[in-house]
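J.: Structure incoming, see below.
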Amino acid sequence: MEGFIRKAVMNAIIIVPMLMWFSEATFLKSVITGLILSFLTYFVGDRGILTMSNNITATVADGVLAYIYFWGVAEWMGWALSAGEIFFITALLAVVEYVFHRQLVRLLNKNEAPIRQTT
């Protein structure tokens with residue numbers, strides 16, 4: 001649970017201001033969007049792919065998932081997010097994800113059976 005909370009906070013630092021700046025999203029909608037994305041990427045990328053692969057693979061998977069998610073949410077909510085703006089938000093998130101994955105590996109190795117990491 002500590003890993004998810006840490007991820008949600010780190011992602012919110014990027015997602016909330018960027019969505020509010022680039023789109024018509026309110027603070028609450030930005031927070032909810034960030035929490036849902038954090039939940040999806042935590043269980044798919046961090047607890048799934050990261051434990052079976054490496055940091056780069058998990059970061060790329062999280063980035064692709066984030067790009068598709070933001071595109072879908074923008075279409076659904078009627079936000080005027082361009083492909084470039086979505087890419088910019090996703091690129092910033094990828095940097096945060098890379099750092100987070102390094103922290104998560106240390107946290108998981110401390111609390112559970114060690115996981116293999118190549119990067």
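Within each chain, counting starts at residue 1; across the structure tokens, chains are named A, B, ... in the order shown, with ligands numbered 1 upward in that order.
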If we count only C-alpha atoms and set the cut-off at 9 Å, which residues sit around region 83-97 of chain A, ignoring sequence neighbours fewer than 2 positions away in its own chain? Please answer as a list in words.

T.: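 The residues satisfying every condition are Lys7, Met10, Asn11, Ile14, Ile15, Met18, Leu19, Phe22, Asn55, Ala58, Thr59, Val60, Asp62, Gly63, Val64, Ala66, Tyr67, Phe70, Trp71, Leu81, Val99, Phe100, His101 and Arg102 of chain A.
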
J.: Which one of A:Asn109, A:Gln103, A:Asn54, A:Ser82 sits closest to Ser23 (chain A) if you count only C-alpha atoms?

T.: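 Smallest separation from Ser23 (chain A) among the options: A:Ser82.
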
J.: Can you measure CA of Pro17 (chain A) to CA of Tyr42 (chain A) for me? One decimal in Å is fine.

T.: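 Between CA of Pro17 (chain A) and CA of Tyr42 (chain A) the gap is 20.7 Å.
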
J.: Rank A:Ile5, A:Ile13, A:Ile36, A:Ala25 by their smallest atom-to-atom distance to Ala74 (chain A), using only C-alpha atoms, and report the top residue only.

T.: A:Ala25

J.: Between CA of Thr33 (chain A) and CA of Val73 (chain A), what is the distance in Å, rounded to a tenth?

T.: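 These atoms are spaced 7.9 Å apart.
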